[in-house]
file my_file-v8.txt (compact mmCIF, C-alpha atoms and all ligand atoms)
# COMPACT_ATOMS: atom_id res chain seq x y z
CA MET N 2 -49.47 11.93 99.03
CA SER N 3 -49.83 8.51 97.38
CA GLU N 4 -49.87 10.19 93.98
CA PHE N 5 -46.65 11.97 94.81
CA TYR N 6 -44.56 8.86 95.16
CA ARG N 7 -46.43 6.97 92.43
CA MET N 8 -45.46 9.70 90.02
CA THR N 9 -41.93 10.14 91.23
CA GLY N 10 -41.31 6.45 91.85
CA PHE N 11 -39.90 7.53 95.17
CA GLN N 12 -39.61 4.20 96.91
CA VAL N 13 -37.47 4.87 99.96
CA HIS N 14 -40.59 4.99 102.13
CA GLY N 15 -40.97 1.26 101.42
CA TYR N 16 -37.88 0.60 103.53
CA PHE N 17 -39.72 1.65 106.69
CA LEU N 18 -42.70 -0.50 105.80
CA TYR N 19 -40.58 -3.56 105.10
CA VAL N 20 -38.66 -3.21 108.35
CA ILE N 21 -41.81 -2.70 110.41
CA ILE N 22 -43.92 -5.43 108.82
CA GLY N 23 -40.99 -7.77 108.09
CA LEU N 24 -39.62 -7.90 111.63
CA VAL N 25 -43.08 -8.22 113.19
CA PHE N 26 -43.61 -11.26 110.99
CA VAL N 27 -40.17 -12.87 111.02
CA TRP N 28 -39.51 -12.73 114.78
CA PRO N 29 -42.45 -14.95 115.89
CA LEU N 30 -41.77 -17.19 112.88
CA ILE N 31 -38.19 -17.82 114.02
CA ILE N 32 -39.25 -18.48 117.62
CA MET N 33 -41.89 -20.92 116.34
CA LEU N 34 -39.41 -22.75 114.09
CA ILE N 35 -36.82 -23.01 116.89
CA HIS N 36 -39.42 -24.66 119.15
CA LEU N 37 -41.06 -26.75 116.45
CA PHE N 38 -37.81 -28.25 115.17
CA LYS N 39 -36.15 -28.16 118.62
CA ILE N 40 -33.20 -26.22 117.22
CA SER N 41 -30.63 -26.07 120.01
CA SER N 42 -27.42 -25.66 118.03
CA PRO N 43 -26.06 -22.14 118.56
CA ASN N 44 -24.80 -22.11 114.99
CA HIS N 45 -28.27 -22.65 113.52
CA ARG N 46 -29.95 -20.32 115.96
CA LYS N 47 -27.40 -17.64 115.13
CA GLY N 48 -28.02 -18.24 111.43
CA LEU N 49 -31.77 -17.84 111.91
CA TYR N 50 -31.38 -14.61 113.89
CA PHE N 51 -29.06 -13.31 111.19
CA LEU N 52 -31.70 -14.12 108.57
CA GLY N 53 -34.30 -12.40 110.76
CA LEU N 54 -32.34 -9.15 110.70
CA LEU N 55 -31.44 -9.48 107.04
CA MET N 56 -34.79 -10.43 105.53
CA PRO N 57 -36.74 -7.14 105.81
CA VAL N 58 -33.90 -5.27 104.09
CA ALA N 59 -33.44 -8.06 101.55
CA SER N 60 -37.19 -7.97 100.79
CA PHE N 61 -37.02 -4.25 100.25
CA MET N 62 -34.12 -4.63 97.81
CA VAL N 63 -35.80 -7.50 95.94
CA TYR N 64 -39.12 -5.76 95.47
CA GLN N 65 -38.04 -2.20 94.96
CA TYR N 66 -34.94 -2.63 92.86
CA PHE N 67 -35.12 -6.01 91.13
CA LEU N 68 -38.83 -6.48 90.65
CA ALA N 69 -39.45 -2.71 90.60
CA LYS N 70 -42.74 -3.35 92.37
CA ARG N 71 -44.78 -0.29 93.20
CA CYS N 72 -47.42 0.09 95.87
CA GLN N 73 -50.50 -0.91 93.93
CA ASP N 74 -52.81 -2.55 96.38
CA GLU N 75 -55.36 0.10 97.34
CA ALA N 76 -56.07 -1.61 100.65
CA PHE N 77 -52.55 -0.86 101.86
CA LEU N 78 -52.06 2.61 100.43
CA TRP N 79 -52.64 4.27 103.78
CA PHE N 80 -49.61 2.29 105.00
CA CYS N 81 -47.54 3.93 102.30
CA ASP N 82 -48.84 7.37 103.20
CA ALA N 83 -47.98 6.77 106.85
CA SER N 84 -44.46 5.69 105.98
CA VAL N 85 -43.93 8.70 103.69
CA ILE N 86 -44.66 10.87 106.73
CA MET N 87 -42.43 8.64 108.87
CA MET N 88 -39.64 9.04 106.35
CA LEU N 89 -39.55 12.80 106.94
CA PHE N 90 -38.36 12.44 110.52
CA LEU N 91 -36.75 9.01 110.45
CA ILE N 92 -34.21 9.88 107.77
CA PRO N 93 -32.65 12.72 109.83
CA ILE N 94 -32.54 10.40 112.88
CA ILE N 95 -30.79 7.71 110.82
CA GLY N 96 -28.31 10.42 109.76
CA ILE N 97 -27.58 11.15 113.43
CA ILE N 98 -27.24 7.42 114.14
CA LEU N 99 -24.70 7.04 111.34
CA LEU N 100 -22.69 9.91 112.82
CA ARG N 101 -22.83 8.09 116.16
CA VAL N 102 -21.51 4.94 114.47
CA ILE N 103 -18.53 6.90 113.10
CA PHE N 104 -17.93 8.33 116.57
CA LYS N 105 -18.12 4.84 118.08
CA VAL N 106 -15.53 3.46 115.65
CA VAL N 107 -13.17 6.38 116.30
CA TYR N 108 -13.69 6.11 120.06
CA VAL N 109 -13.07 2.35 120.24
CA GLU N 110 -10.03 2.63 117.97
CA ALA N 111 -8.59 5.42 120.15
CA PHE N 112 -9.40 3.38 123.28
CA LYS N 113 -7.61 0.38 121.73
CA GLN N 114 -4.54 2.42 120.74
CA HIS N 115 -4.36 4.04 124.19
CA HIS N 116 -4.45 0.66 125.94
CA LEU N 117 -1.93 -0.78 123.52
CA LYS N 118 0.41 1.96 124.75
CA ILE N 119 -0.27 1.74 128.49
CA GLY N 120 -0.89 -2.04 128.66
CA VAL N 121 2.00 -4.41 129.31
CA THR N 122 3.20 -7.74 127.97
CA ASN N 123 5.30 -10.32 129.73
CA GLU N 124 7.43 -13.20 128.57
CA ASP N 125 5.64 -15.91 130.52
CA PHE N 126 2.28 -14.73 129.22
CA ASP N 127 3.70 -14.43 125.69
CA GLN N 128 4.34 -18.14 125.62
CA LYS N 129 0.85 -19.08 126.82
CA PHE N 130 -0.65 -16.74 124.26
CA LYS N 131 1.37 -18.14 121.36
CA LEU N 132 0.59 -21.73 122.37
CA CYS N 133 -3.14 -20.97 122.32
CA CYS N 134 -2.80 -19.39 118.85
CA ALA N 135 -0.90 -22.46 117.67
CA LEU N 136 -3.67 -24.70 119.00
CA LEU N 137 -6.19 -22.68 116.99
CA LYS N 138 -3.85 -22.60 113.96
CA MET N 139 -4.19 -18.84 113.65
CA PRO N 140 -1.78 -15.88 113.31
CA VAL N 141 -0.76 -14.35 116.65
CA PRO N 142 -2.69 -11.12 117.31
CA ARG N 143 -1.47 -8.46 119.73
CA TYR N 144 -2.42 -8.61 123.39
CA ARG N 145 -1.98 -6.36 126.44
CA ILE N 146 -2.45 -6.85 130.16
CA VAL N 147 -4.39 -3.85 131.44
CA ASN N 148 -5.71 -2.45 134.66
CA GLN N 149 -8.93 -0.93 133.40
CA LYS N 150 -12.47 -1.12 134.75
CA GLY N 151 -14.84 -2.37 132.10
CA MET N 152 -12.58 -5.15 130.90
CA ASP N 153 -12.22 -8.74 132.03
CA ALA N 154 -10.98 -10.46 128.93
CA VAL N 155 -11.99 -8.82 125.70
CA ALA N 156 -11.19 -8.96 122.00
CA MET N 157 -11.51 -5.48 120.53
CA GLY N 158 -11.29 -3.70 117.17
CA ILE N 159 -12.60 -4.11 113.63
CA VAL N 160 -9.24 -4.33 111.91
CA LYS N 161 -6.44 -6.18 113.66
CA PRO N 162 -8.37 -6.92 116.87
CA VAL N 163 -6.36 -6.96 120.09
CA VAL N 164 -6.90 -9.15 123.18
CA PHE N 165 -6.98 -7.22 126.45
CA ILE N 166 -6.74 -9.15 129.72
CA HIS N 167 -7.30 -7.57 133.10
CA LYS N 168 -4.35 -7.67 135.49
CA ALA N 169 -6.56 -9.29 138.16
CA LEU N 170 -7.15 -12.28 135.86
CA VAL N 171 -3.44 -12.69 135.17
CA GLU N 172 -2.74 -12.61 138.91
CA ASN N 173 -5.56 -14.91 140.02
CA LEU N 174 -5.92 -17.54 137.30
CA ASN N 175 -3.58 -20.48 136.95
CA THR N 176 -2.12 -21.49 133.58
CA ALA N 177 -4.88 -23.94 132.68
CA GLU N 178 -7.59 -21.40 133.56
CA MET N 179 -5.85 -18.65 131.63
CA ASN N 180 -5.65 -20.92 128.59
CA MET N 181 -9.44 -21.28 128.65
CA VAL N 182 -9.88 -17.52 128.81
CA LEU N 183 -7.39 -16.89 126.01
CA LEU N 184 -8.88 -19.58 123.79
CA HIS N 185 -12.32 -18.00 124.19
CA GLU N 186 -11.06 -14.58 123.09
CA LEU N 187 -8.92 -16.02 120.30
CA VAL N 188 -11.87 -17.99 118.91
CA HIS N 189 -13.72 -14.66 118.68
CA ILE N 190 -10.83 -13.19 116.71
CA LYS N 191 -10.44 -16.24 114.49
CA LYS N 192 -14.14 -16.10 113.62
CA LYS N 193 -13.90 -12.32 113.03
CA ASP N 194 -16.66 -11.83 115.63
CA THR N 195 -15.75 -8.23 116.40
CA THR N 196 -16.09 -7.21 112.74
CA LYS N 197 -19.29 -9.20 112.26
CA GLY N 198 -20.64 -7.85 115.55
CA PHE N 199 -20.00 -4.30 114.38
CA CYS N 200 -21.91 -4.94 111.12
CA MET N 201 -24.82 -6.46 113.06
CA TYR N 202 -24.97 -3.42 115.38
CA LEU N 203 -24.90 -1.14 112.34
CA PHE N 204 -27.72 -3.14 110.80
CA ARG N 205 -29.75 -2.84 114.00
CA ASP N 206 -29.10 0.90 114.14
CA LEU N 207 -30.55 1.29 110.64
CA MET N 208 -33.68 -0.51 111.87
CA PHE N 209 -33.83 1.18 115.28
CA PHE N 210 -37.46 2.30 114.75
CA ASN N 211 -38.57 -1.31 115.20
CA PRO N 212 -37.47 -2.51 118.68
CA ILE N 213 -37.67 -6.14 117.50
CA SER N 214 -34.35 -5.50 115.74
CA THR N 215 -32.70 -5.01 119.16
CA ILE N 216 -34.28 -8.21 120.51
CA ILE N 217 -33.02 -10.24 117.53
CA LEU N 218 -29.55 -8.68 117.79
CA LYS N 219 -29.31 -9.58 121.49
CA GLN N 220 -30.28 -13.18 120.78
CA TYR N 221 -27.72 -13.31 117.98
CA MET N 222 -24.99 -12.13 120.37
CA VAL N 223 -26.00 -14.69 123.02
CA GLU N 224 -25.73 -17.52 120.49
CA ARG N 225 -22.37 -16.16 119.37
CA GLU N 226 -21.12 -16.60 122.94
CA ARG N 227 -22.58 -20.09 123.19
CA LEU N 228 -20.88 -21.04 119.96
CA CYS N 229 -17.58 -19.72 121.26
CA ASP N 230 -18.03 -21.66 124.54
CA GLU N 231 -18.70 -24.87 122.62
CA GLU N 232 -15.66 -24.35 120.40
CA VAL N 233 -13.38 -23.99 123.44
CA VAL N 234 -14.91 -27.08 125.05
CA SER N 235 -14.49 -29.16 121.90
CA LEU N 236 -10.89 -27.91 121.56
CA THR N 237 -9.90 -28.69 125.13
CA GLY N 238 -12.27 -31.58 125.79
CA ASP N 239 -12.75 -30.38 129.35
CA LYS N 240 -16.24 -28.97 129.78
CA LYS N 241 -16.29 -29.02 133.57
CA PHE N 242 -13.03 -27.14 133.84
CA TYR N 243 -14.12 -24.54 131.30
CA LEU N 244 -17.36 -24.04 133.22
CA ARG N 245 -15.46 -23.61 136.47
CA THR N 246 -13.15 -21.05 134.86
CA LEU N 247 -16.10 -19.18 133.39
CA LEU N 248 -17.76 -19.08 136.82
CA LYS N 249 -14.54 -17.94 138.49
CA VAL N 250 -14.06 -15.06 136.04
CA TRP N 251 -17.73 -14.17 136.33
CA GLU N 252 -17.42 -14.03 140.11
CA MET N 253 -14.36 -11.77 139.81
CA GLN N 254 -16.16 -9.63 137.28
CA LEU N 255 -19.14 -9.17 139.61
CA GLU N 256 -16.92 -8.40 142.60
CA MET N 257 -14.65 -5.98 140.79
CA LYS N 258 -17.16 -4.72 138.21
CA LEU N 259 -14.65 -5.64 135.51
CA SER N 260 -16.83 -5.71 132.45
CA LYS N 261 -20.06 -4.28 131.13
CA LYS N 262 -19.56 -1.98 128.17
CA SER N 263 -19.86 -3.32 124.68
CA PHE N 264 -20.16 -1.52 121.37
CA GLY N 265 -20.37 -4.48 119.06
CA LEU N 266 -16.68 -3.93 118.48
CA MET N 267 -15.83 -5.88 121.60
CA ALA N 268 -16.27 -9.54 122.48
CA HIS N 269 -16.15 -10.10 126.23
CA LEU N 270 -15.69 -13.37 128.05
CA THR N 271 -18.56 -12.84 130.45
CA SER N 272 -22.00 -11.35 129.79
CA GLN N 273 -25.08 -10.14 131.64
CA GLN N 274 -26.47 -12.41 134.35
CA LYS N 275 -29.37 -13.79 132.29
CA THR N 276 -27.05 -14.61 129.42
CA MET N 277 -24.44 -16.18 131.70
CA THR N 278 -27.09 -18.41 133.27
CA TYR N 279 -28.27 -19.49 129.82
CA ARG N 280 -24.70 -20.14 128.61
CA ILE N 281 -23.81 -22.17 131.67
CA GLU N 282 -27.05 -24.15 131.60
CA SER N 283 -26.72 -25.01 127.94
CA LEU N 284 -23.10 -26.06 128.43
CA MET N 285 -24.09 -28.28 131.34
CA GLN N 286 -26.71 -30.08 129.30
CA THR N 287 -25.56 -33.16 127.45
CA GLN N 288 -24.17 -32.93 123.97
CA ALA N 289 -27.68 -32.05 122.76
CA SER N 290 -26.69 -28.56 121.77
CA LEU N 291 -23.95 -29.93 119.57
CA THR N 292 -26.25 -32.20 117.62
CA VAL N 293 -26.79 -30.79 114.21
CA GLN N 294 -29.99 -30.92 112.24
CA PRO N 295 -29.76 -32.87 108.97
CA ILE N 296 -28.72 -30.49 106.23
CA LYS N 297 -31.99 -30.94 104.28
CA ILE N 298 -34.06 -29.82 107.28
CA THR N 299 -31.76 -26.84 107.87
CA VAL N 300 -32.10 -25.72 104.25
CA LEU N 301 -35.86 -26.20 104.47
CA ILE N 302 -36.10 -24.08 107.63
CA TYR N 303 -33.98 -21.29 106.15
CA LEU N 304 -36.02 -21.36 102.94
CA MET N 305 -39.24 -21.13 104.96
CA VAL N 306 -37.98 -17.95 106.64
CA VAL N 307 -36.79 -16.38 103.39
CA LEU N 308 -39.79 -17.22 101.19
CA SER N 309 -42.51 -16.50 103.73
CA THR N 310 -40.97 -13.14 104.68
CA LEU N 311 -40.69 -12.21 101.01
CA TYR N 312 -44.29 -13.25 100.51
CA ILE N 313 -45.69 -11.34 103.50
CA THR N 314 -43.78 -8.13 102.88
CA GLY N 315 -44.63 -8.32 99.18
CA LEU N 316 -48.33 -8.24 100.03
CA VAL N 317 -48.04 -4.88 101.69
CA CYS N 318 -46.14 -2.74 99.25
ZN ZN N 401 -17.11 -14.11 124.25

call {"tool": "encode", "arguments": {"input": "my_file-v8.txt", "output": "structure tokens"}}
result
Amino acid sequence: MSEFYRMTGFQVHGYFLYVIIGLVFVWPLIIMLIHLFKISSPNHRKGLYFLGLLMPVASFMVYQYFLAKRCQDEAFLWFCDASVIMMLFLIPIIGIILLRVIFKVVYVEAFKQHHLKIGVTNEDFDQKFKLCCALLKMPVPRYRIVNQKGMDAVAMGIVKPVVFIHKALVENLNTAEMNMVLLHELVHIKKKDTTKGFCMYLFRDLMFFNPISTIILKQYMVERERLCDEEVVSLTGDKKFYLRTLLKVWEMQLEMKLSKKSFGLMAHLTSQQKTMTYRIESLMQTQASLTVQPIKITVLIYLMVVLSTLYITGLVC
């Protein structure tokens, strides 16, 4: 088998090796660096998780296409043979996953269009919405008030995302509370979180055979929410009130089962219990999470992840 790909230069099998070995290496490395350098900033953590998902694929590209490295080390050849066998059944599964991705995009887009039609707008709400957009200095996206299980407040869609707000929120939150909710969703749109989220989910799907990819993706999404929370707090300067609003919506969400589903194309206000606890706790802590590492240290940490992952994966194949 080894001869087969040596002769044909058939290197796709390396992809599976890089993802398996790369993620097994990079995940503990990131956890270690976060603890060692006490990295609490959601921005940096998010960056590290992004690197974690990116590095195995980047290593594969670097070695197989730029350096045109071939599996030469005899000690690891059995790895290559194993991944050639893996390739035979993993490639069809990846094909199915890609079809599922297309289905997901079509489904969410249809869902969005349907709710754009049945959802309502109102003048009073219009004004609040536009004021929040003005505060964020961003173009005004579309919004609808809906009465749909599975939604509390959510930004949805890859192109031209829409904000959907559940009727119960409009009826039960006062203006100041609603502003907090809207700002949270609008920050997601301004940062193009739904599009980026979709790409990250796609990336994870292509690495589904290593469950560490799902763990890293989840952590990435949690930090994305923390970052959004911090942005709203720094915009409004009222942490306690934002926290209270978040708790109020969370309580409503639990009572009415307003939100759960997410396809990477949606950015909800509330999350799963564990994540909510973490978000609330980190917001309640002092400004520690907003302190930023000196740029030199950040660059050093990122370089450590990139170079050591390249080195480790390069040893194997
Ligand atoms: Zn959010």

call {"tool": "residues_near_ligand", "arguments": {"input": "my_file-v8.txt", "ligand": "ligand ZN 401 (chain N)", "cutoff": "6 Å", "atoms": "only C-alpha atoms and all ligand atoms", "output": "MDAnalysis selection string"}}
result
chainID N and resid 226 268:270

call {"tool": "write_last_selection", "arguments": {"input": "my_file-v8.txt", "atoms": "C-alpha atoms", "output": "PDB file, in the coordinates of the input"}}
result
ATOM      1  CA  GLU N 226     -21.120 -16.600 122.940  1.00  0.00           C
ATOM      2  CA  ALA N 268     -16.270  -9.540 122.480  1.00  0.00           C
ATOM      3  CA  HIS N 269     -16.150 -10.100 126.230  1.00  0.00           C
ATOM      4  CA  LEU N 270     -15.690 -13.370 128.050  1.00  0.00           C
TER       5      LEU N 270
END

call {"tool": "residues_around", "arguments": {"input": "my_file-v8.txt", "residues": "range 24-41 of chain N", "least_positions_apart": "6", "cutoff": "7 Å", "atoms": "all atoms listed in the file", "output": "ChimeraX atom specification"}}
result
/N:49,53,57,213,290,310

call {"tool": "closest_residue", "arguments": {"input": "my_file-v8.txt", "among": "N:Asn123, N:Met285, N:Arg280, N:Met181", "to": "Leu136 in chain N", "atoms": "all atoms listed in the file"}}
result
N:Met181

call {"tool": "closest_atom_pairs", "arguments": {"input": "my_file-v8.txt", "of": "range 162-279 of chain N", "to": "range 153-158 of chain N", "cutoff": "10 Å", "atoms": "all atoms listed in the file", "output": "tab-separated table"}}
result
residue	atom	partner	partner_atom	distance
N:Pro162	CA	N:Gly158	CA	4.4
N:Val163	CA	N:Met157	CA	5.4
N:Val164	CA	N:Ala156	CA	4.5
N:Phe165	CA	N:Val155	CA	5.3
N:Ile166	CA	N:Ala154	CA	4.5
N:His167	CA	N:Asp153	CA	5.2
N:Lys168	CA	N:Asp153	CA	8.7
N:Ala169	CA	N:Asp153	CA	8.4
N:Leu170	CA	N:Asp153	CA	7.3
N:Val182	CA	N:Ala154	CA	7.1
N:Leu183	CA	N:Ala154	CA	7.9
N:His185	CA	N:Ala154	CA	9.0
N:Glu186	CA	N:Ala156	CA	5.7
N:Leu187	CA	N:Ala156	CA	7.6
N:Val188	CA	N:Ala156	CA	9.6
N:His189	CA	N:Ala156	CA	7.1
N:Ile190	CA	N:Ala156	CA	6.8
N:Lys193	CA	N:Gly158	CA	9.9
N:Asp194	CA	N:Ala156	CA	8.9
N:Thr195	CA	N:Gly158	CA	6.4
N:Thr196	CA	N:Gly158	CA	7.4
N:Phe199	CA	N:Gly158	CA	9.2
N:Val250	CA	N:Asp153	CA	7.7
N:Trp251	CA	N:Asp153	CA	8.9
N:Met253	CA	N:Asp153	CA	8.6
N:Gln254	CA	N:Asp153	CA	6.6
N:Met257	CA	N:Asp153	CA	9.5
N:Lys258	CA	N:Asp153	CA	8.9
N:Leu259	CA	N:Asp153	CA	5.3
N:Ser260	CA	N:Asp153	CA	5.5
N:Lys261	CA	N:Asp153	CA	9.1
N:Ser263	CA	N:Met157	CA	9.6
N:Phe264	CA	N:Met157	CA	9.6
N:Gly265	CA	N:Met157	CA	9.0
N:Leu266	CA	N:Gly158	CA	5.6
N:Met267	CA	N:Met157	CA	4.5
N:Ala268	CA	N:Ala156	CA	5.1
N:His269	CA	N:Val155	CA	4.4
N:Leu270	CA	N:Ala154	CA	5.6
N:Thr271	CA	N:Asp153	CA	7.7

call {"tool": "write_last_selection", "arguments": {"input": "my_file-v8.txt", "atoms": "C-alpha atoms", "output": "mmCIF file, keeping the file's coordinate frame"}}
result
data_model
loop_
_atom_site.group_PDB
_atom_site.id
_atom_site.type_symbol
_atom_site.label_atom_id
_atom_site.label_comp_id
_atom_site.auth_asym_id
_atom_site.auth_seq_id
_atom_site.Cartn_x
_atom_site.Cartn_y
_atom_site.Cartn_z
ATOM 1 C CA PRO N 162 -8.370 -6.920 116.870
ATOM 2 C CA VAL N 163 -6.360 -6.960 120.090
ATOM 3 C CA VAL N 164 -6.900 -9.150 123.180
ATOM 4 C CA PHE N 165 -6.980 -7.220 126.450
ATOM 5 C CA ILE N 166 -6.740 -9.150 129.720
ATOM 6 C CA HIS N 167 -7.300 -7.570 133.100
ATOM 7 C CA LYS N 168 -4.350 -7.670 135.490
ATOM 8 C CA ALA N 169 -6.560 -9.290 138.160
ATOM 9 C CA LEU N 170 -7.150 -12.280 135.860
ATOM 10 C CA VAL N 182 -9.880 -17.520 128.810
ATOM 11 C CA LEU N 183 -7.390 -16.890 126.010
ATOM 12 C CA HIS N 185 -12.320 -18.000 124.190
ATOM 13 C CA GLU N 186 -11.060 -14.580 123.090
ATOM 14 C CA LEU N 187 -8.920 -16.020 120.300
ATOM 15 C CA VAL N 188 -11.870 -17.990 118.910
ATOM 16 C CA HIS N 189 -13.720 -14.660 118.680
ATOM 17 C CA ILE N 190 -10.830 -13.190 116.710
ATOM 18 C CA LYS N 193 -13.900 -12.320 113.030
ATOM 19 C CA ASP N 194 -16.660 -11.830 115.630
ATOM 20 C CA THR N 195 -15.750 -8.230 116.400
ATOM 21 C CA THR N 196 -16.090 -7.210 112.740
ATOM 22 C CA PHE N 199 -20.000 -4.300 114.380
ATOM 23 C CA VAL N 250 -14.060 -15.060 136.040
ATOM 24 C CA TRP N 251 -17.730 -14.170 136.330
ATOM 25 C CA MET N 253 -14.360 -11.770 139.810
ATOM 26 C CA GLN N 254 -16.160 -9.630 137.280
ATOM 27 C CA MET N 257 -14.650 -5.980 140.790
ATOM 28 C CA LYS N 258 -17.160 -4.720 138.210
ATOM 29 C CA LEU N 259 -14.650 -5.640 135.510
ATOM 30 C CA SER N 260 -16.830 -5.710 132.450
ATOM 31 C CA LYS N 261 -20.060 -4.280 131.130
ATOM 32 C CA SER N 263 -19.860 -3.320 124.680
ATOM 33 C CA PHE N 264 -20.160 -1.520 121.370
ATOM 34 C CA GLY N 265 -20.370 -4.480 119.060
ATOM 35 C CA LEU N 266 -16.680 -3.930 118.480
ATOM 36 C CA MET N 267 -15.830 -5.880 121.600
ATOM 37 C CA ALA N 268 -16.270 -9.540 122.480
ATOM 38 C CA HIS N 269 -16.150 -10.100 126.230
ATOM 39 C CA LEU N 270 -15.690 -13.370 128.050
ATOM 40 C CA THR N 271 -18.560 -12.840 130.450
#

call {"tool": "closest_atom_pairs", "arguments": {"input": "my_file-v8.txt", "of": "range 121-214 of chain N", "to": "range 75-95 of chain N", "cutoff": "10 Å", "atoms": "all atoms listed in the file", "output": "JSON lines"}}
result
{"residue": "N:Asp206", "atom": "CA", "partner": "N:Ile95", "partner_atom": "CA", "distance": 7.8}
{"residue": "N:Leu207", "atom": "CA", "partner": "N:Ile95", "partner_atom": "CA", "distance": 6.4}
{"residue": "N:Met208", "atom": "CA", "partner": "N:Ile95", "partner_atom": "CA", "distance": 8.8}
{"residue": "N:Phe209", "atom": "CA", "partner": "N:Ile95", "partner_atom": "CA", "distance": 8.5}
{"residue": "N:Phe210", "atom": "CA", "partner": "N:Leu91", "partner_atom": "CA", "distance": 8.0}
